[in-house]
$ cat work.txt   # compact mmCIF, C-alpha atoms
# COMPACT_ATOMS: atom_id res chain seq x y z
CA MET A 928 0.00 0.00 0.00
CA PHE A 929 2.83 2.32 0.83
CA VAL A 930 4.41 1.81 -2.57
CA THR A 931 1.14 2.26 -4.39
CA SER A 932 0.40 5.61 -2.88
CA ALA A 933 3.94 6.76 -3.47
CA TYR A 934 3.61 5.78 -7.12
CA ALA A 935 0.35 7.67 -7.41
CA GLN A 936 1.99 10.77 -6.00
CA GLU A 937 5.05 10.72 -8.14
CA THR A 938 3.14 10.00 -11.32
CA ALA A 939 0.72 12.85 -10.82
CA PRO A 940 3.02 15.54 -12.28
CA ALA A 941 3.91 13.32 -15.19
CA ALA A 942 0.24 12.82 -15.99
CA ALA A 943 -0.25 16.55 -15.83
CA GLU A 944 2.28 17.24 -18.54
CA GLY A 945 0.49 15.26 -21.18
CA ASP A 946 1.52 11.69 -20.42
CA THR A 947 4.12 11.60 -23.13
CA HIS A 948 6.97 9.36 -22.37
CA ALA A 949 9.16 11.76 -24.27
CA GLY A 950 8.37 14.43 -21.70
CA THR A 951 11.40 16.29 -20.43
CA ALA A 952 10.78 17.05 -16.77
CA VAL A 953 10.65 13.82 -14.82
CA PRO A 954 10.03 13.77 -11.10
CA ALA A 955 13.23 12.99 -9.28
CA ALA A 956 11.49 10.31 -7.24
CA GLU A 957 11.15 8.06 -10.29
CA HIS A 958 14.89 7.75 -10.57
CA GLU A 959 15.02 6.00 -7.25
CA THR A 960 13.63 2.73 -8.57
CA PHE A 961 14.60 1.17 -11.83
CA PRO A 962 11.24 1.32 -13.70
CA PRO A 963 10.96 -2.40 -14.56
CA PHE A 964 11.46 -3.24 -10.88
CA ASN A 965 8.98 -0.68 -9.61
CA ALA A 966 6.48 -2.97 -7.92
CA ALA A 967 3.88 -0.19 -7.83
CA THR A 968 3.31 -0.65 -11.55
CA PHE A 969 2.87 -4.41 -11.34
CA PRO A 970 -0.88 -4.66 -10.64
CA SER A 971 -1.73 -2.39 -13.53
CA GLN A 972 0.58 -4.19 -15.95
CA ILE A 973 -0.63 -7.63 -14.92
CA LEU A 974 -4.28 -6.61 -15.19
CA TRP A 975 -3.93 -5.00 -18.60
CA LEU A 976 -1.74 -7.81 -19.88
CA VAL A 977 -4.34 -10.36 -18.79
CA ILE A 978 -7.10 -8.34 -20.46
CA THR A 979 -5.26 -7.64 -23.71
CA PHE A 980 -3.58 -11.02 -24.03
CA GLY A 981 -6.78 -12.81 -23.06
CA LEU A 982 -8.74 -11.02 -25.78
CA PHE A 983 -5.90 -11.60 -28.23
CA TYR A 984 -5.89 -15.33 -27.39
CA LEU A 985 -9.66 -15.60 -27.83
CA PHE A 986 -9.58 -13.67 -31.09
CA LEU A 987 -6.82 -15.85 -32.52
CA LYS A 988 -8.43 -19.05 -31.31
CA ARG A 989 -11.93 -18.25 -32.49
CA VAL A 990 -11.37 -16.22 -35.64
CA VAL A 991 -7.85 -16.14 -37.02
CA MET A 992 -6.67 -19.70 -36.54
CA PRO A 993 -9.74 -21.47 -37.93
CA ARG A 994 -9.50 -19.18 -40.91
CA LEU A 995 -5.76 -19.77 -41.48
CA GLY A 996 -6.17 -23.49 -40.91
CA GLY A 997 -9.10 -23.49 -43.34
CA ILE A 998 -7.12 -21.67 -46.01
CA ILE A 999 -4.23 -24.10 -45.70
CA ASP A 1000 -6.50 -27.17 -45.63
CA VAL A 1001 -8.41 -26.00 -48.68
CA ARG A 1002 -5.15 -25.45 -50.50
CA ASN A 1003 -3.80 -28.87 -49.53
CA ASP A 1004 -7.07 -30.50 -50.63
CA ARG A 1005 -6.90 -28.64 -53.88
CA ILE A 1006 -3.31 -29.69 -54.46
CA THR A 1007 -4.17 -33.33 -53.72
CA GLN A 1008 -7.16 -33.08 -56.07
CA ASP A 1009 -5.08 -31.53 -58.82
CA LEU A 1010 -2.38 -34.16 -58.40
CA ASP A 1011 -5.02 -36.90 -58.65
CA HIS A 1012 -6.45 -35.25 -61.74
CA ALA A 1013 -2.99 -34.99 -63.27
CA ALA A 1014 -2.30 -38.66 -62.47
CA ARG A 1015 -5.59 -39.65 -64.11
CA LEU A 1016 -4.83 -37.60 -67.21
CA LYS A 1017 -1.38 -39.14 -67.36
CA GLY A 1018 -2.92 -42.61 -67.16
CA GLU A 1019 -5.25 -41.71 -70.01
CA ALA A 1020 -2.39 -40.37 -72.08
CA ASP A 1021 -0.37 -43.52 -71.40
CA ALA A 1022 -3.30 -45.69 -72.46
CA ALA A 1023 -3.70 -43.64 -75.65
CA VAL A 1024 0.00 -44.04 -76.41
CA ALA A 1025 -0.23 -47.79 -75.82
CA ALA A 1026 -3.30 -48.06 -78.10
CA TYR A 1027 -1.59 -46.01 -80.77
CA GLU A 1028 1.51 -48.18 -80.61
CA GLN A 1029 -0.55 -51.33 -80.84
CA GLU A 1030 -2.39 -50.01 -83.87
CA LEU A 1031 0.87 -48.94 -85.41
CA ALA A 1032 2.28 -52.46 -84.90
CA GLU A 1033 -0.84 -54.00 -86.41
CA ALA A 1034 -0.67 -51.67 -89.38
CA LYS A 1035 2.97 -52.59 -89.88
CA VAL A 1036 2.13 -56.27 -89.83
CA ASN A 1037 -0.69 -55.69 -92.32
CA ALA A 1038 1.54 -53.64 -94.58
CA ASN A 1039 4.17 -56.37 -94.52
CA LYS A 1040 1.55 -58.97 -95.35
CA ILE A 1041 0.19 -56.93 -98.26
CA GLY A 1042 3.69 -56.28 -99.53
CA GLN A 1043 4.51 -59.96 -99.24
CA GLN A 1044 1.34 -60.92 -101.09
CA ALA A 1045 2.03 -58.46 -103.88
CA ASN A 1046 5.59 -59.70 -104.07
CA ASP A 1047 4.46 -63.33 -104.22
CA ALA A 1048 1.82 -62.57 -106.87
CA ALA A 1049 4.34 -60.69 -109.00
CA LYS A 1050 6.83 -63.52 -108.66
CA ALA A 1051 4.22 -66.14 -109.57
CA GLU A 1052 3.14 -64.14 -112.60
CA ALA A 1053 6.73 -63.65 -113.73
CA GLU A 1054 7.35 -67.36 -113.24
CA GLY A 1055 4.23 -68.19 -115.32
CA THR A 1056 5.24 -65.89 -118.13
CA ARG A 1057 8.76 -67.31 -118.10
CA LYS A 1058 7.47 -70.86 -118.24
CA LYS A 1059 5.10 -70.05 -121.08
CA LEU A 1060 7.86 -68.36 -123.05
CA GLU A 1061 10.19 -71.28 -122.39
CA ALA A 1062 7.55 -73.74 -123.50
CA GLU A 1063 6.94 -71.73 -126.65
CA LEU A 1064 10.60 -71.51 -127.33
CA GLU A 1065 10.92 -75.22 -126.66
CA LYS A 1066 8.11 -75.88 -129.12
CA LYS A 1067 9.65 -73.61 -131.75
CA LEU A 1068 12.99 -75.28 -131.18
CA GLY A 1069 11.38 -78.67 -131.62
CA GLU A 1070 9.65 -77.56 -134.82
CA ALA A 1071 12.85 -76.09 -136.14
CA GLU A 1072 14.74 -79.29 -135.35
CA ALA A 1073 12.01 -81.32 -137.03
CA SER A 1074 12.09 -79.20 -140.16
CA ILE A 1075 15.92 -79.38 -140.21
CA ALA A 1076 15.66 -83.15 -139.89
CA SER A 1077 13.13 -83.40 -142.69
CA ILE A 1078 15.16 -81.09 -144.90
CA LYS A 1079 18.24 -83.14 -144.04
CA ALA A 1080 16.42 -86.39 -144.87
CA LYS A 1081 15.12 -84.91 -148.10
CA ALA A 1082 18.59 -83.68 -148.93
CA MET A 1083 20.08 -87.09 -148.11
CA LYS A 1084 17.49 -88.68 -150.28
CA GLU A 1085 18.35 -86.26 -153.08
CA VAL A 1086 22.05 -87.01 -152.53
CA GLY A 1087 21.29 -90.58 -153.55
CA THR A 1088 19.47 -89.44 -156.74
CA ILE A 1089 22.26 -86.98 -157.63
CA ALA A 1090 24.82 -89.73 -157.08
CA GLU A 1091 22.85 -92.04 -159.31
CA ASP A 1092 22.48 -89.35 -161.99
CA THR A 1093 26.13 -88.49 -161.79
CA THR A 1094 27.11 -92.13 -161.88
CA SER A 1095 24.91 -92.81 -164.86
CA ALA A 1096 26.31 -89.70 -166.59
CA ILE A 1097 29.89 -90.83 -165.82
CA VAL A 1098 29.11 -94.37 -166.86
CA GLU A 1099 27.54 -93.18 -170.11
CA ALA A 1100 30.47 -90.91 -170.77
CA LEU A 1101 33.01 -93.64 -169.97
CA VAL A 1102 31.22 -96.68 -171.22
CA GLY A 1103 28.85 -95.11 -173.59
CA GLY A 1104 25.39 -96.21 -174.24
CA LYS A 1105 22.50 -96.50 -171.98
CA SER A 1106 23.15 -97.73 -168.42
CA ASP A 1107 20.80 -99.81 -166.31
CA LYS A 1108 19.16 -97.51 -163.88
CA SER A 1109 18.42 -100.07 -161.15
CA GLU A 1110 21.95 -101.48 -161.34
CA ILE A 1111 23.41 -98.06 -160.76
CA ALA A 1112 21.01 -97.40 -157.84
CA ALA A 1113 22.13 -100.64 -156.16
CA ALA A 1114 25.76 -99.80 -156.70
CA VAL A 1115 25.37 -96.32 -155.24
CA LYS A 1116 23.53 -97.74 -152.27
CA SER A 1117 26.25 -100.26 -151.49
CA ALA A 1118 28.95 -97.63 -151.98
CA SER A 1119 27.28 -95.17 -149.67
CA ARG A 1120 27.11 -97.75 -146.89
CA MET B 827 18.11 18.72 -16.49
CA ALA B 828 16.49 18.62 -19.95
CA ALA B 829 19.76 17.77 -21.69
CA ALA B 830 20.55 15.08 -19.15
CA ASP B 831 17.12 13.52 -19.63
CA LYS B 832 17.58 13.24 -23.36
CA VAL B 833 20.42 10.79 -22.94
CA ASP B 834 18.98 9.04 -19.91
CA PRO B 835 18.75 5.45 -21.19
CA ILE B 836 16.35 4.41 -18.42
CA HIS B 837 13.80 7.08 -19.17
CA GLN B 838 12.20 5.04 -21.97
CA PHE B 839 11.11 2.35 -19.52
CA GLN B 840 9.14 4.66 -17.28
CA ILE B 841 5.46 4.06 -16.89
CA HIS B 842 2.96 6.91 -16.74
CA PRO B 843 -0.74 6.56 -16.13
CA ILE B 844 -2.93 7.82 -18.92
CA ILE B 845 -6.28 7.09 -17.31
CA PRO B 846 -5.80 6.78 -13.54
CA LEU B 847 -7.79 3.91 -12.11
CA HIS B 848 -7.84 2.39 -8.63
CA ILE B 849 -9.69 -0.79 -7.81
CA GLY B 850 -9.66 -2.34 -4.34
CA GLY B 851 -6.66 -0.31 -3.23
CA TYR B 852 -4.59 -1.31 -6.25
CA ASP B 853 -3.39 1.15 -8.82
CA VAL B 854 -4.57 -0.36 -12.10
CA SER B 855 -4.35 2.81 -14.16
CA PHE B 856 -4.39 2.58 -17.91
CA THR B 857 -0.74 3.43 -18.52
CA ASN B 858 1.50 3.85 -21.52
CA SER B 859 2.44 0.21 -20.98
CA ALA B 860 -1.23 -0.82 -21.18
CA LEU B 861 -1.65 1.40 -24.22
CA PHE B 862 1.12 -0.42 -26.03
CA MET B 863 -0.30 -3.79 -25.00
CA VAL B 864 -3.52 -2.68 -26.67
CA VAL B 865 -1.57 -1.42 -29.69
CA THR B 866 0.34 -4.70 -29.91
CA VAL B 867 -2.84 -6.75 -29.78
CA LEU B 868 -4.62 -4.51 -32.27
CA VAL B 869 -1.73 -4.47 -34.73
CA ALA B 870 -1.24 -8.24 -34.55
CA SER B 871 -4.97 -8.98 -34.75
CA ALA B 872 -5.58 -6.51 -37.56
CA PHE B 873 -2.65 -7.86 -39.54
CA LEU B 874 -3.68 -11.48 -39.14
CA TYR B 875 -7.35 -10.69 -39.76
CA MET B 876 -6.97 -8.43 -42.78
CA SER B 877 -4.17 -10.31 -44.50
CA THR B 878 -6.32 -13.45 -44.53
CA ALA B 879 -9.60 -11.69 -45.36
CA SER B 880 -9.60 -12.75 -49.01
CA ARG B 881 -8.83 -16.40 -48.14
CA ALA B 882 -6.93 -16.56 -51.41
CA LEU B 883 -5.97 -19.97 -52.72
CA ILE B 884 -2.78 -18.42 -54.03
CA PRO B 885 -1.69 -16.15 -51.18
CA GLY B 886 -0.52 -12.59 -51.61
CA ARG B 887 2.51 -11.32 -49.74
CA LEU B 888 0.73 -10.41 -46.52
CA GLN B 889 -1.32 -13.60 -46.46
CA SER B 890 1.92 -15.52 -47.02
CA VAL B 891 3.42 -13.85 -43.95
CA SER B 892 0.42 -14.85 -41.82
CA GLU B 893 0.48 -18.39 -43.16
CA MET B 894 4.23 -18.65 -42.62
CA ALA B 895 3.86 -17.55 -38.99
CA TYR B 896 1.00 -20.03 -38.52
CA GLU B 897 2.85 -22.96 -40.05
CA PHE B 898 6.15 -21.97 -38.41
CA VAL B 899 4.62 -22.14 -34.94
CA GLY B 900 2.56 -25.19 -35.88
CA ASN B 901 5.61 -27.14 -37.02
CA MET B 902 7.58 -25.99 -33.98
CA LEU B 903 4.90 -27.30 -31.64
CA ARG B 904 4.40 -30.54 -33.58
CA ASP B 905 8.16 -31.24 -33.59
CA ALA B 906 8.52 -30.56 -29.86
CA ALA B 907 5.31 -31.96 -28.41
CA GLY B 908 3.91 -34.24 -31.11
CA LYS B 909 0.38 -34.36 -32.46
CA GLN B 910 -1.14 -34.27 -28.96
CA GLY B 911 0.57 -30.94 -28.39
CA MET B 912 -1.54 -29.30 -31.10
CA GLN B 913 -4.29 -28.60 -28.54
CA PHE B 914 -1.95 -25.87 -27.24
CA PHE B 915 -1.47 -24.38 -30.68
CA PRO B 916 -3.65 -21.31 -29.99
CA LEU B 917 -1.71 -20.58 -26.80
CA VAL B 918 1.72 -20.91 -28.39
CA PHE B 919 0.67 -18.98 -31.49
CA SER B 920 -0.78 -16.14 -29.40
CA LEU B 921 2.36 -16.00 -27.25
CA PHE B 922 4.63 -15.97 -30.28
CA MET B 923 2.64 -13.29 -32.10
CA PHE B 924 2.22 -11.16 -28.98
CA VAL B 925 5.92 -11.24 -28.06
CA LEU B 926 7.05 -10.78 -31.65
CA VAL B 927 4.78 -7.81 -32.35
CA ALA B 928 5.51 -6.23 -28.96
CA ASN B 929 9.27 -6.54 -29.60
CA LEU B 930 8.97 -5.11 -33.12
CA ILE B 931 6.76 -2.21 -32.07
CA GLY B 932 9.24 -1.43 -29.30
CA LEU B 933 11.90 -0.78 -31.95
CA PHE B 934 10.16 2.39 -33.13
CA PRO B 935 11.63 5.50 -31.51
CA TYR B 936 9.47 6.94 -28.68
CA PHE B 937 7.46 3.72 -28.53
CA PHE B 938 7.18 1.79 -25.32
CA THR B 939 8.46 -1.78 -25.25
CA VAL B 940 5.96 -3.92 -23.38
CA THR B 941 8.36 -6.86 -23.12
CA SER B 942 11.08 -4.77 -21.49
CA HIS B 943 9.23 -5.08 -18.18
CA ILE B 944 9.96 -8.14 -16.12
CA ILE B 945 6.43 -8.33 -14.77
CA VAL B 946 5.02 -8.68 -18.30
CA THR B 947 7.42 -11.40 -19.35
CA PHE B 948 7.02 -13.10 -15.98
CA THR B 949 3.24 -13.10 -16.27
CA LEU B 950 3.53 -14.72 -19.69
CA ALA B 951 6.03 -17.27 -18.35
CA ALA B 952 3.77 -17.96 -15.36
CA LEU B 953 0.93 -18.56 -17.80
CA VAL B 954 3.06 -21.16 -19.59
CA ILE B 955 4.23 -22.91 -16.43
CA GLY B 956 0.72 -22.68 -14.96
CA THR B 957 -0.65 -24.39 -18.07
CA VAL B 958 2.03 -27.07 -17.78
CA LEU B 959 1.25 -27.71 -14.11
CA VAL B 960 -2.54 -27.67 -14.45
CA TYR B 961 -2.59 -29.81 -17.55
CA GLY B 962 0.15 -32.11 -16.24
CA PHE B 963 -1.65 -32.91 -12.97
CA ALA B 964 -5.08 -33.05 -14.61
CA LYS B 965 -3.88 -35.49 -17.26
CA HIS B 966 -1.45 -37.67 -15.31
CA GLY B 967 -2.40 -37.01 -11.69
CA LEU B 968 0.52 -37.73 -9.40
CA GLY B 969 2.20 -39.51 -12.32
CA PHE B 970 3.18 -36.04 -13.46
CA LEU B 971 5.77 -36.10 -10.66
CA LYS B 972 7.66 -38.73 -12.69
CA LEU B 973 8.92 -35.68 -14.56
CA PHE B 974 11.36 -35.21 -11.68
CA VAL B 975 12.50 -38.85 -11.61
CA PRO B 976 14.46 -39.71 -14.73
CA HIS B 977 14.73 -43.36 -15.78
CA GLY B 978 17.92 -45.37 -15.34
CA VAL B 979 19.44 -43.35 -12.52
CA PRO B 980 21.15 -45.43 -9.78
CA GLY B 981 19.33 -45.34 -6.41
CA TYR B 982 22.05 -43.57 -4.46
CA LEU B 983 22.10 -40.72 -7.00
CA LEU B 984 18.33 -40.36 -7.11
CA PRO B 985 17.91 -37.74 -4.33
CA LEU B 986 20.51 -35.54 -5.94
CA VAL B 987 19.06 -35.91 -9.44
CA VAL B 988 15.51 -35.28 -8.21
CA ALA B 989 16.67 -32.16 -6.40
CA ILE B 990 18.39 -30.92 -9.56
CA GLU B 991 15.30 -31.66 -11.65
CA ILE B 992 13.06 -29.77 -9.24
CA ILE B 993 15.39 -26.79 -9.16
CA SER B 994 15.58 -26.77 -12.94
CA PHE B 995 11.78 -26.91 -13.18
CA VAL B 996 11.31 -24.10 -10.68
CA SER B 997 13.86 -21.94 -12.45
CA ARG B 998 12.06 -22.32 -15.78
CA PRO B 999 9.58 -19.44 -15.39
CA VAL B 1000 12.43 -17.28 -14.11
CA SER B 1001 14.78 -18.09 -16.98
CA LEU B 1002 11.97 -17.84 -19.53
CA SER B 1003 10.92 -14.39 -18.36
CA VAL B 1004 14.36 -12.99 -17.55
CA ARG B 1005 15.77 -14.02 -20.93
CA LEU B 1006 13.19 -12.02 -22.87
CA PHE B 1007 13.12 -9.10 -20.45
CA ALA B 1008 16.92 -8.79 -20.23
CA ASN B 1009 17.39 -8.99 -23.99
CA MET B 1010 14.84 -6.26 -24.64
CA LEU B 1011 16.07 -4.09 -21.79
CA ALA B 1012 19.76 -4.37 -22.67
CA GLY B 1013 19.12 -3.85 -26.37
CA HIS B 1014 17.09 -0.71 -25.84
CA ILE B 1015 19.54 0.71 -23.30
CA THR B 1016 22.44 0.13 -25.69
CA LEU B 1017 20.55 1.75 -28.55
CA LYS B 1018 19.69 4.73 -26.38
CA VAL B 1019 23.26 5.10 -25.13
CA PHE B 1020 24.72 5.16 -28.62
CA SER B 1021 22.01 7.49 -29.88
CA GLY B 1022 22.74 9.68 -26.84
CA PHE B 1023 26.40 9.82 -27.86
CA VAL B 1024 25.35 11.20 -31.23
CA VAL B 1025 23.42 13.99 -29.54
CA SER B 1026 26.08 14.82 -26.93
CA LEU B 1027 28.96 14.73 -29.44
CA SER B 1028 27.08 16.99 -31.86
CA ALA B 1029 27.04 19.64 -29.17
CA PHE B 1030 30.85 20.02 -29.53
CA GLY B 1031 30.78 21.79 -32.90
CA ALA B 1032 32.17 20.53 -36.22
CA VAL B 1033 34.62 18.01 -34.72
CA GLY B 1034 31.90 16.61 -32.55
CA ILE B 1035 29.52 16.25 -35.47
CA ALA B 1036 32.22 14.45 -37.49
CA GLY B 1037 32.94 12.23 -34.53
CA SER B 1038 29.28 11.43 -34.00
CA VAL B 1039 29.26 9.47 -37.26
CA LEU B 1040 30.76 6.51 -35.40
CA PRO B 1041 28.05 6.12 -32.74
CA LEU B 1042 25.45 6.83 -35.43
CA ALA B 1043 26.76 3.93 -37.51
CA MET B 1044 26.77 1.85 -34.36
CA ALA B 1045 23.15 2.78 -33.62
CA VAL B 1046 22.16 1.76 -37.16
CA ALA B 1047 23.96 -1.57 -36.81
CA LEU B 1048 22.42 -2.12 -33.39
CA THR B 1049 18.96 -1.44 -34.78
CA ALA B 1050 19.50 -4.23 -37.28
CA LEU B 1051 20.74 -6.48 -34.50
CA GLU B 1052 17.74 -5.60 -32.33
CA LEU B 1053 15.44 -6.50 -35.20
CA LEU B 1054 17.05 -9.93 -35.22
CA VAL B 1055 16.87 -10.17 -31.43
CA ALA B 1056 13.19 -9.17 -31.49
CA PHE B 1057 12.40 -12.11 -33.74
CA LEU B 1058 14.84 -14.48 -32.08
CA GLN B 1059 13.51 -13.89 -28.58
CA ALA B 1060 9.93 -14.42 -29.71
CA TYR B 1061 11.10 -17.65 -31.33
CA VAL B 1062 13.04 -18.77 -28.25
CA PHE B 1063 10.06 -18.00 -26.02
CA ALA B 1064 7.77 -20.05 -28.25
CA VAL B 1065 10.23 -22.96 -28.58
CA LEU B 1066 10.77 -23.21 -24.84
CA THR B 1067 7.01 -23.03 -24.32
CA CYS B 1068 6.64 -25.98 -26.71
CA MET B 1069 9.28 -27.96 -24.82
CA TYR B 1070 7.69 -27.29 -21.44
CA LEU B 1071 4.30 -28.26 -22.81
CA ASN B 1072 5.88 -31.47 -24.05
CA ASP B 1073 6.81 -32.23 -20.44
CA ALA B 1074 3.18 -31.77 -19.44
CA LEU B 1075 2.11 -34.22 -22.17
CA HIS B 1076 4.85 -36.79 -21.65
CA PRO B 1077 6.22 -36.46 -18.12
CA SER B 1078 8.26 -39.67 -18.15
CA HIS B 1079 11.25 -38.72 -20.25

$ encode --input "work.txt" --output "structure tokens"
Amino acid sequence: MFVTSAYAQETAPAAAEGDTHAGTAVPAAEHETFPPFNAATFPSQILWLVITFGLFYLFLKRVVMPRLGGIIDVRNDRITQDLDHAARLKGEADAAVAAYEQELAEAKVNANKIGQQANDAAKAEAEGTRKKLEAELEKKLGEAEASIASIKAKAMKEVGTIAEDTTSAIVEALVGGKSDKSEIAAAVKSASR
Amino acid sequence: MAAADKVDPIHQFQIHPIIPLHIGGYDVSFTNSALFMVVTVLVASAFLYMSTASRALIPGRLQSVSEMAYEFVGNMLRDAAGKQGMQFFPLVFSLFMFVLVANLIGLFPYFFTVTSHIIVTFTLAALVIGTVLVYGFAKHGLGFLKLFVPHGVPGYLLPLVVAIEIISFVSRPVSLSVRLFANMLAGHITLKVFSGFVVSLSAFGAVGIAGSVLPLAMAVALTALELLVAFLQAYVFAVLTCMYLNDALHPSH
């Protein structure tokens, strides 16, 4: 109680000069105690600290912190959602790529098959044409050989007649007179053997 | 007298009543200290309230600051006291914001520093220790006393260790409050002393003004340091609060 009344007395002039802490004239009594250790100011400071800090605590607990927590939760939810969405889209893209690659592979197989077929058909046709030509040529060759053979036979036959004619001419020239045609033919035949 | 008061480094800590008030024989006047408590609470509340008003999904700068403070304290508490400790999140967040804003406001010239008074820091520390004690006994009953009996200590050492543990527990509110108070007090006195040198040296003419550049530079550097200290002490106060609350939650080490 003693300290309290002393404090009230010494602070009275200070209050009178406008309560500015930058005030110049300070009562000498205040220098006696170091202000933070002046117990006379304790009740006031404790009371006002309890009031102000209590209100501050309630305000933060009731208003500010639910709001901040809400903002951060909403953001985290949104990020999770977006990540899920992105993962789903990526899955879809992967599936599309896989489908595309499968189709591409199928198309390649088809193309190879068609190419192979065309190749085979062309080869078969070429083979057919070649065989036909060969057969034709073979036939022509056979015909040609046959005609050569017949010409040769004819010629050989004519060789005999020429030989007979020549012989009869020679005989007539050498011997004179008419020669026996059948005799000469037999002679030529035996000579040519 | 006037010149002497200008460089009196203690003057800034004096408390003057603004609205005198006496209840039950106690002087509970609304003082400059109370005014700055109100200012601190209003500034901190207004900042937190207005910066988050838009509830933006993509935060602006101010909202980012509020969210950073919120998550900073949240992570601090979760690391120290685990998930159970989150029930004390409003308390730790209020303490951190109150101390931080009070320290920062105190850095403005002519402003009163609420946390430079031992009774303020001690009341806050008593609130923390009171919470620890009340919650500790309510949750664990007498099992809370296991806090003072560490595991694996040989029997003959036990009395000594228990005594040390009790002393360390009792000194917690003292160390918690004195650390913050002393840092703020010393910082502001040092700032005032160096600023006072600038004023006193300037009174000695041209040479004095040239010479006053040194304490001026020092005052600028100290202001930067005090800014760091203001944040650091709020952080230390909050971290220690988290650790003490952890003791209340898990008394057996």

$ atom_distance --input "work.txt" --atom1 "atom CA of Val925 of chain B" --atom2 "atom CA of Ala1064 of chain B"
9.0 Å

$ atom_distance --input "work.txt" --atom1 "atom CA of Gln913 of chain B" --atom2 "atom CA of Pro976 of chain B"
25.8 Å

$ closest_residue --input "work.txt" --among "B:Ile945, B:Leu1011, B:Ala1043, B:Leu1051" --to "His837 of chain B" --atoms "only C-alpha atoms"
B:Leu1011

$ interface_residues --input "work.txt" --of "chain A" --to "chain B" --cutoff "6 Å" --atoms "all atoms listed in the file" --output "ChimeraX atom specification"
/A:951,962-963,970-971,975,983-984,988,998,1002

$ atom_distance --input "work.txt" --atom1 "atom CA of Val1062 of chain B" --atom2 "atom CA of Ala928 of chain B"
14.6 Å

$ residues_around --input "work.txt" --residues "segment 1013-1026 of chain B" --least-positions-apart "4" --cutoff "9 Å" --atoms "all atoms listed in the file" --output "mmCIF file with C-alpha atoms, keeping the file's coordinate frame"
data_model
loop_
_atom_site.group_PDB
_atom_site.id
_atom_site.type_symbol
_atom_site.label_atom_id
_atom_site.label_comp_id
_atom_site.auth_asym_id
_atom_site.auth_seq_id
_atom_site.Cartn_x
_atom_site.Cartn_y
_atom_site.Cartn_z
ATOM 1 C CA ALA B 829 19.760 17.770 -21.690
ATOM 2 C CA LYS B 832 17.580 13.240 -23.360
ATOM 3 C CA VAL B 833 20.420 10.790 -22.940
ATOM 4 C CA ASP B 834 18.980 9.040 -19.910
ATOM 5 C CA PRO B 835 18.750 5.450 -21.190
ATOM 6 C CA ILE B 836 16.350 4.410 -18.420
ATOM 7 C CA GLN B 838 12.200 5.040 -21.970
ATOM 8 C CA GLY B 932 9.240 -1.430 -29.300
ATOM 9 C CA LEU B 933 11.900 -0.780 -31.950
ATOM 10 C CA THR B 939 8.460 -1.780 -25.250
ATOM 11 C CA SER B 942 11.080 -4.770 -21.490
ATOM 12 C CA ALA B 1008 16.920 -8.790 -20.230
ATOM 13 C CA ASN B 1009 17.390 -8.990 -23.990
ATOM 14 C CA PHE B 1030 30.850 20.020 -29.530
ATOM 15 C CA GLY B 1034 31.900 16.610 -32.550
ATOM 16 C CA ILE B 1035 29.520 16.250 -35.470
ATOM 17 C CA GLY B 1037 32.940 12.230 -34.530
ATOM 18 C CA SER B 1038 29.280 11.430 -34.000
ATOM 19 C CA VAL B 1039 29.260 9.470 -37.260
ATOM 20 C CA LEU B 1040 30.760 6.510 -35.400
ATOM 21 C CA PRO B 1041 28.050 6.120 -32.740
ATOM 22 C CA LEU B 1042 25.450 6.830 -35.430
ATOM 23 C CA MET B 1044 26.770 1.850 -34.360
ATOM 24 C CA ALA B 1045 23.150 2.780 -33.620
ATOM 25 C CA VAL B 1046 22.160 1.760 -37.160
ATOM 26 C CA LEU B 1048 22.420 -2.120 -33.390
ATOM 27 C CA THR B 1049 18.960 -1.440 -34.780
ATOM 28 C CA LEU B 1051 20.740 -6.480 -34.500
ATOM 29 C CA GLU B 1052 17.740 -5.600 -32.330
ATOM 30 C CA VAL B 1055 16.870 -10.170 -31.430
#

$ residues_around --input "work.txt" --residues "segment 1106-1116 of chain A" --least-positions-apart "5" --cutoff "9 Å" --atoms "only C-alpha atoms" --output "list in words"
Gly1087, Thr1088, Ala1090, Glu1091, Asp1092, Thr1094, Ser1095, Ala1096, Val1098 and Glu1099 of chain A

$ residues_around --input "work.txt" --residues "Gly956 of chain B" --least-positions-apart "6" --cutoff "12 Å" --atoms "all atoms listed in the file" --output "ChimeraX atom specification"
/B:948-950,962-964,995-996,998-999,1067,1070-1071,1074

$ write_last_selection --input "work.txt" --atoms "C-alpha atoms" --output "mmCIF file, in the frame of the given file"
data_model
loop_
_atom_site.group_PDB
_atom_site.id
_atom_site.type_symbol
_atom_site.label_atom_id
_atom_site.label_comp_id
_atom_site.auth_asym_id
_atom_site.auth_seq_id
_atom_site.Cartn_x
_atom_site.Cartn_y
_atom_site.Cartn_z
ATOM 1 C CA PHE B 948 7.020 -13.100 -15.980
ATOM 2 C CA THR B 949 3.240 -13.100 -16.270
ATOM 3 C CA LEU B 950 3.530 -14.720 -19.690
ATOM 4 C CA GLY B 962 0.150 -32.110 -16.240
ATOM 5 C CA PHE B 963 -1.650 -32.910 -12.970
ATOM 6 C CA ALA B 964 -5.080 -33.050 -14.610
ATOM 7 C CA PHE B 995 11.780 -26.910 -13.180
ATOM 8 C CA VAL B 996 11.310 -24.100 -10.680
ATOM 9 C CA ARG B 998 12.060 -22.320 -15.780
ATOM 10 C CA PRO B 999 9.580 -19.440 -15.390
ATOM 11 C CA THR B 1067 7.010 -23.030 -24.320
ATOM 12 C CA TYR B 1070 7.690 -27.290 -21.440
ATOM 13 C CA LEU B 1071 4.300 -28.260 -22.810
ATOM 14 C CA ALA B 1074 3.180 -31.770 -19.440
#
